[in-house]
Each structure stands twice: as C-alpha cells, then as structure tokens.
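Raw contents of protein-v8.pdb, PDB, C-alpha atoms, pLDDT in the B column:
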```
ATOM      1  CA  MET A 554       0.000   0.000   0.000  1.00 46.00           C
ATOM      2  CA  ARG A 555       2.804   2.384   0.876  1.00 47.00           C
ATOM      3  CA  ALA A 556       4.607   1.666  -2.373  1.00 40.00           C
ATOM      4  CA  ALA A 557       1.462   2.496  -4.342  1.00 40.00           C
ATOM      5  CA  ALA A 558       1.080   5.811  -2.485  1.00 37.00           C
ATOM      6  CA  VAL A 559       4.730   6.717  -3.063  1.00 36.00           C
ATOM      7  CA  PHE A 560       4.404   5.805  -6.730  1.00 38.00           C
ATOM      8  CA  THR A 561       1.230   7.907  -7.082  1.00 35.00           C
ATOM      9  CA  ILE A 562       2.854  10.929  -5.440  1.00 41.00           C
ATOM     10  CA  ALA A 563       5.959  10.543  -7.610  1.00 37.00           C
ATOM     11  CA  ALA A 564       3.810  10.306 -10.760  1.00 36.00           C
ATOM     12  CA  ILE A 565       1.864  13.441  -9.816  1.00 39.00           C
ATOM     13  CA  CYS A 566       5.114  15.344  -9.211  1.00 37.00           C
ATOM     14  CA  LEU A 567       6.522  14.252 -12.574  1.00 36.00           C
ATOM     15  CA  ILE A 568       3.368  15.275 -14.400  1.00 39.00           C
ATOM     16  CA  ALA A 569       3.340  18.645 -12.629  1.00 39.00           C
ATOM     17  CA  ALA A 570       7.000  19.221 -13.436  1.00 39.00           C
ATOM     18  CA  ALA A 571       6.405  18.360 -17.094  1.00 40.00           C
ATOM     19  CA  GLY A 572       3.536  20.833 -17.221  1.00 43.00           C
ATOM     20  CA  CYS A 573       5.777  23.586 -15.828  1.00 46.00           C
ATOM     21  CA  SER A 574       8.658  22.966 -18.193  1.00 45.00           C
ATOM     22  CA  ALA A 575       9.473  25.602 -20.774  1.00 55.00           C
ATOM     23  CA  GLN A 576       7.683  25.327 -24.092  1.00 75.00           C
ATOM     24  CA  LYS A 577       9.510  25.817 -27.359  1.00 91.00           C
ATOM     25  CA  ALA A 578       8.694  29.363 -28.409  1.00 94.00           C
ATOM     26  CA  PRO A 579       7.870  30.457 -31.943  1.00 95.00           C
ATOM     27  CA  ALA A 580      10.743  31.919 -33.930  1.00 95.00           C
ATOM     28  CA  GLY A 581       9.500  34.878 -35.891  1.00 96.00           C
ATOM     29  CA  ARG A 582       9.117  38.586 -36.448  1.00 97.00           C
ATOM     30  CA  TRP A 583       6.137  40.829 -35.826  1.00 97.00           C
ATOM     31  CA  GLU A 584       5.444  44.517 -36.157  1.00 96.00           C
ATOM     32  CA  GLY A 585       2.529  46.723 -35.280  1.00 97.00           C
ATOM     33  CA  ILE A 586       1.346  50.217 -34.529  1.00 97.00           C
ATOM     34  CA  TYR A 587      -0.913  51.896 -32.027  1.00 97.00           C
ATOM     35  CA  GLU A 588      -2.521  55.253 -32.542  1.00 95.00           C
ATOM     36  CA  SER A 589      -4.838  57.267 -30.334  1.00 95.00           C
ATOM     37  CA  GLN A 590      -5.604  60.962 -30.089  1.00 94.00           C
ATOM     38  CA  ASP A 591      -2.838  61.428 -27.507  1.00 95.00           C
ATOM     39  CA  MET A 592      -0.334  58.670 -28.301  1.00 96.00           C
ATOM     40  CA  LEU A 593       1.592  56.967 -31.128  1.00 97.00           C
ATOM     41  CA  ILE A 594       3.552  53.718 -30.707  1.00 97.00           C
ATOM     42  CA  VAL A 595       5.385  51.759 -33.376  1.00 97.00           C
ATOM     43  CA  ALA A 596       6.650  48.296 -32.369  1.00 97.00           C
ATOM     44  CA  ARG A 597       8.933  45.565 -33.594  1.00 97.00           C
ATOM     45  CA  VAL A 598       9.403  42.117 -31.999  1.00 97.00           C
ATOM     46  CA  GLU A 599      11.624  39.177 -32.861  1.00 97.00           C
ATOM     47  CA  THR A 600      11.456  35.884 -30.969  1.00 97.00           C
ATOM     48  CA  GLN A 601      13.629  32.786 -30.950  1.00 97.00           C
ATOM     49  CA  ALA A 602      12.788  29.170 -30.058  1.00 96.00           C
ATOM     50  CA  ASP A 603      14.597  29.541 -26.706  1.00 96.00           C
ATOM     51  CA  ALA A 604      12.127  32.338 -25.753  1.00 96.00           C
ATOM     52  CA  SER A 605      14.666  35.089 -26.305  1.00 97.00           C
ATOM     53  CA  VAL A 606      12.857  38.252 -27.343  1.00 97.00           C
ATOM     54  CA  ARG A 607      14.115  41.406 -29.025  1.00 97.00           C
ATOM     55  CA  LEU A 608      11.606  44.219 -28.624  1.00 97.00           C
ATOM     56  CA  SER A 609      11.520  47.910 -29.419  1.00 96.00           C
ATOM     57  CA  ALA A 610       8.481  50.172 -29.159  1.00 96.00           C
ATOM     58  CA  PRO A 611       9.272  53.891 -29.395  1.00 96.00           C
ATOM     59  CA  ASP A 612       6.378  56.162 -28.560  1.00 96.00           C
ATOM     60  CA  ALA A 613       5.163  59.730 -28.567  1.00 96.00           C
ATOM     61  CA  VAL A 614       2.720  60.707 -25.810  1.00 95.00           C
ATOM     62  CA  GLY A 615       0.912  63.907 -24.968  1.00 95.00           C
ATOM     63  CA  ILE A 616       0.268  64.782 -28.601  1.00 96.00           C
ATOM     64  CA  ALA A 617      -3.474  65.459 -28.476  1.00 95.00           C
ATOM     65  CA  ASN A 618      -3.073  69.028 -29.724  1.00 94.00           C
ATOM     66  CA  VAL A 619      -0.625  68.257 -32.535  1.00 93.00           C
ATOM     67  CA  GLN A 620      -1.671  69.214 -36.073  1.00 94.00           C
ATOM     68  CA  ASN A 621      -1.889  66.534 -38.801  1.00 91.00           C
ATOM     69  CA  ASP A 622       1.348  67.512 -40.594  1.00 93.00           C
ATOM     70  CA  GLU A 623       3.283  67.450 -37.318  1.00 96.00           C
ATOM     71  CA  ARG A 624       1.661  64.109 -36.421  1.00 95.00           C
ATOM     72  CA  GLN A 625       2.934  62.686 -39.709  1.00 95.00           C
ATOM     73  CA  ALA A 626       6.431  63.988 -38.906  1.00 96.00           C
ATOM     74  CA  ILE A 627       6.236  62.201 -35.539  1.00 97.00           C
ATOM     75  CA  ARG A 628       5.236  58.938 -37.257  1.00 95.00           C
ATOM     76  CA  THR A 629       8.216  59.288 -39.601  1.00 95.00           C
ATOM     77  CA  ARG A 630      10.595  60.047 -36.725  1.00 96.00           C
ATOM     78  CA  LEU A 631       9.355  57.035 -34.723  1.00 96.00           C
ATOM     79  CA  ALA A 632       9.669  54.677 -37.722  1.00 95.00           C
ATOM     80  CA  ARG A 633      13.188  55.898 -38.539  1.00 95.00           C
ATOM     81  CA  GLY A 634      14.260  55.603 -34.914  1.00 95.00           C
ATOM     82  CA  LEU A 635      12.880  52.073 -34.739  1.00 95.00           C
ATOM     83  CA  ALA A 636      14.717  50.992 -37.899  1.00 94.00           C
ATOM     84  CA  SER A 637      18.019  52.713 -37.103  1.00 94.00           C
ATOM     85  CA  GLY A 638      18.141  51.532 -33.493  1.00 94.00           C
ATOM     86  CA  TRP A 639      17.109  47.922 -34.099  1.00 96.00           C
ATOM     87  CA  ASP A 640      20.658  46.528 -34.324  1.00 95.00           C
ATOM     88  CA  ALA A 641      21.342  47.813 -30.795  1.00 96.00           C
ATOM     89  CA  VAL A 642      18.364  45.952 -29.285  1.00 96.00           C
ATOM     90  CA  ALA A 643      19.645  43.026 -27.246  1.00 97.00           C
ATOM     91  CA  PRO A 644      17.585  39.848 -26.831  1.00 97.00           C
ATOM     92  CA  ARG A 645      16.067  39.219 -23.411  1.00 96.00           C
ATOM     93  CA  LYS A 646      15.254  35.748 -22.147  1.00 97.00           C
ATOM     94  CA  MET A 647      11.577  35.351 -21.266  1.00 97.00           C
ATOM     95  CA  ASP A 648       9.438  32.644 -19.730  1.00 97.00           C
ATOM     96  CA  PHE A 649       7.079  31.119 -22.297  1.00 97.00           C
ATOM     97  CA  ASP A 650       4.114  28.871 -21.494  1.00 95.00           C
ATOM     98  CA  GLY A 651       3.071  27.999 -25.041  1.00 94.00           C
ATOM     99  CA  LYS A 652       1.099  31.204 -25.561  1.00 95.00           C
ATOM    100  CA  ILE A 653       2.394  34.011 -23.322  1.00 97.00           C
ATOM    101  CA  PHE A 654       5.866  35.501 -22.932  1.00 97.00           C
ATOM    102  CA  ARG A 655       6.599  36.927 -19.474  1.00 97.00           C
ATOM    103  CA  LYS A 656       9.670  38.387 -17.822  1.00 96.00           C
ATOM    104  CA  PRO A 657      11.466  35.611 -15.904  1.00 95.00           C
ATOM    105  CA  GLY A 658       9.443  34.858 -12.787  1.00 94.00           C
ATOM    106  CA  GLY A 659       6.948  37.557 -13.742  1.00 93.00           C
ATOM    107  CA  VAL A 660       3.189  37.501 -13.920  1.00 94.00           C
ATOM    108  CA  ALA A 661       2.329  40.308 -16.354  1.00 95.00           C
ATOM    109  CA  PRO A 662       2.194  39.271 -20.019  1.00 97.00           C
ATOM    110  CA  GLN A 663       4.677  40.983 -22.325  1.00 97.00           C
ATOM    111  CA  LEU A 664       3.684  39.298 -25.578  1.00 98.00           C
ATOM    112  CA  GLU A 665       0.837  36.925 -26.378  1.00 97.00           C
ATOM    113  CA  TRP A 666       1.222  34.615 -29.370  1.00 96.00           C
ATOM    114  CA  ASN A 667      -1.691  33.069 -31.258  1.00 94.00           C
ATOM    115  CA  PRO A 668      -0.460  29.838 -32.883  1.00 92.00           C
ATOM    116  CA  LYS A 669      -3.592  29.528 -35.048  1.00 93.00           C
ATOM    117  CA  ASN A 670      -2.798  32.593 -37.154  1.00 92.00           C
ATOM    118  CA  ASN A 671       0.787  33.361 -36.059  1.00 92.00           C
ATOM    119  CA  ALA A 672      -0.305  36.797 -34.875  1.00 93.00           C
ATOM    120  CA  ALA A 673       0.737  38.351 -31.598  1.00 96.00           C
ATOM    121  CA  THR A 674      -0.382  40.991 -29.139  1.00 98.00           C
ATOM    122  CA  LEU A 675       2.203  43.206 -27.504  1.00 98.00           C
ATOM    123  CA  TYR A 676       1.421  44.511 -24.019  1.00 98.00           C
ATOM    124  CA  VAL A 677       2.758  48.011 -23.353  1.00 97.00           C
ATOM    125  CA  TYR A 678       2.497  49.284 -19.795  1.00 95.00           C
ATOM    126  CA  MET A 679       2.168  53.083 -19.535  1.00 91.00           C
ATOM    127  CA  GLY A 680       1.701  53.865 -15.862  1.00 89.00           C
ATOM    128  CA  THR A 681      -1.565  52.193 -14.896  1.00 91.00           C
ATOM    129  CA  GLN A 682      -2.704  51.868 -18.514  1.00 92.00           C
ATOM    130  CA  VAL A 683      -2.184  48.628 -20.427  1.00 96.00           C
ATOM    131  CA  ILE A 684      -2.104  49.057 -24.189  1.00 97.00           C
ATOM    132  CA  LYS A 685      -2.538  45.935 -26.300  1.00 98.00           C
ATOM    133  CA  ILE A 686      -0.975  46.347 -29.719  1.00 98.00           C
ATOM    134  CA  PRO A 687      -1.999  43.880 -32.452  1.00 97.00           C
ATOM    135  CA  MET A 688       1.150  42.611 -34.159  1.00 97.00           C
ATOM    136  CA  HIS A 689       1.246  40.965 -37.577  1.00 94.00           C
ATOM    137  CA  SER A 690       3.848  38.460 -38.687  1.00 95.00           C
ATOM    138  CA  VAL A 691       6.443  39.678 -41.185  1.00 95.00           C
ATOM    139  CA  SER A 692       9.303  37.951 -42.967  1.00 95.00           C
ATOM    140  CA  ASP A 693      11.328  41.175 -42.977  1.00 94.00           C
ATOM    141  CA  PHE A 694      10.799  44.342 -40.992  1.00 95.00           C
ATOM    142  CA  SER A 695       9.455  47.394 -42.770  1.00 91.00           C
ATOM    143  CA  ASP A 696      11.200  50.746 -42.774  1.00 89.00           C
ATOM    144  CA  ASP A 697       7.799  52.319 -42.174  1.00 88.00           C
ATOM    145  CA  PRO A 698       5.232  50.124 -40.375  1.00 90.00           C
ATOM    146  CA  TRP A 699       2.678  52.965 -40.584  1.00 86.00           C
ATOM    147  CA  LYS A 700       2.299  52.222 -44.309  1.00 83.00           C
ATOM    148  CA  ASN A 701       1.440  48.524 -43.829  1.00 68.00           C
TER     149      ASN A 701
END
```
With the file now loaded, output its structure as structure tokens.
Amino acid sequence: MRAAAVFTIAAICLIAAAGCSAQKAPAGRWEGIYESQDMLIVARVETQADASVRLSAPDAVGIANVQNDERQAIRTRLARGLASGWDAVAPRKMDFDGKIFRKPGGVAPQLEWNPKNNAATLYVYMGTQVIKIPMHSVSDFSDDPWKN
C-alpha cells in the first residue's frame, strides 16, 4: 500500500514538473502600430525558439493638440528611430508557457502569441494603462510600419 502511495505521489510530481517545463517558443518577427488621439507607438518584436525576445516600441505621448502635418512627422521620426536603433536591441530571455511571454518569474504578459494565425499581441504598460498592440507576422521588418 505504501509503495502504491509513493508511486502515485511521484507520478503526480513528474506530471506537474512536465507541465511547468518551458515550451519551445515560436521563432518569428512581428510589427505593429498603435494610434490614439494622444499617443503613437510603433513596435517591432523578434522571438527565438529559446524564448529570447528582441523588442523595441518607441512612442510619442501627450500629442493630443498636434496638427496633422506634425503628427505625420512624428510617425516618420518614430519609424526611422525604430529601424536605425534595431541593431542595438539586445535579446532578453523570457518565460514562455506555449502562448504568453513573461519576464522571468513575472506575472504580467509581455507578448501573447496566437499559434492559429501566427499573430501576436504586444502589451505596453504606460503607468496604470495597459495598451494591447496587435502585431502581424512579417518575414522582414518594414522601414515604415505605418504604411502597412
């Protein structure tokens, strides 16, 4: 009887450990934009199978009173900054559960991947506001994601 109980406990522990093990992450590239009256964000993400993530998301906030031509200049500046600074973005190891990337040991999602359509959602935390940016898969990054 004791042996059966020990075996059952050991089996449960092994199953639990297998469920907690790291999943192979998708390797790919995504880009997306976010635009509201007061904020612009342009984002680029690259992931590797080991759950390393390169991410850049320059933004402009507090632009509610900006005229249309100046808003376009801000979009251009953000896109150029994203493209020119990309080589300096270092990969960061994340935890990945098969769908969500989180900072190691963290709870808050950083990137959510949808395996059905290979799309992703980037979570940007601005103070108490959480902005979810739809990201589309790309083979190569664009010099101007606003045009896509």
Of the listed residues A:Glu665, A:Asp612, A:Asp648, A:Asp603, that which approaches Ile627 in chain A most closely, counting all atoms listed in the file:
A:Asp612
Residue members of the PyMOL selection byres ((chain A and resi 675) around 12) in the file shown, as a PyMOL selection string:
chain A and resi 583-587+594-599+606+608-610+653-655+661-667+672-674+676-678+683-689
Residue IDs satisfying the PyMOL selection byres ((chain A and resi 646) around 7), as an MDAnalysis selection string
chainID A and resid 604:606 644:645 647
Can you measure CA of Gly651 in chain A to CA of Val691 in chain A for me? One decimal in Å is fine.
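About the pair CA of Gly651 in chain A and CA of Val691 in chain A: they are 20.2 Å apart.
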Pick from A:Gln576, A:Ser692, A:Asn670, A:Thr629, whichever lies nearest to Phe649 in chain A using all atoms listed in the file
A:Gln576
Set the distance at 10 Å and use all atoms listed in the file: which residues neighbour range 616-619 of chain A once local chain neighbours fewer than 4 positions away are removed? I'd like the list as a list in words.
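With the cut-off at 10 Å, the set is Ser589, Gln590, Asp591, Met592, Leu593, Glu623, Arg624, Gln625 and Ile627 of chain A.
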List as a VMD selection string the protein and nucleic acid residues near range 634-640 of chain A, meaning an atom at most 7 Å away when only C-alpha atoms are counted, but skip any in the same chain fewer than 3 places from it.
chain A and resid 609 611 630 to 631 696
A straight line from CA of Gly658 in chain A to CA of Ala641 in chain A spans 25.2 Å
Suppose you want the space between CA of Val642 in chain A and CA of Arg607 in chain A; what is it in Å?
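Calculated distance between CA of Val642 in chain A and CA of Arg607 in chain A is 6.2 Å.
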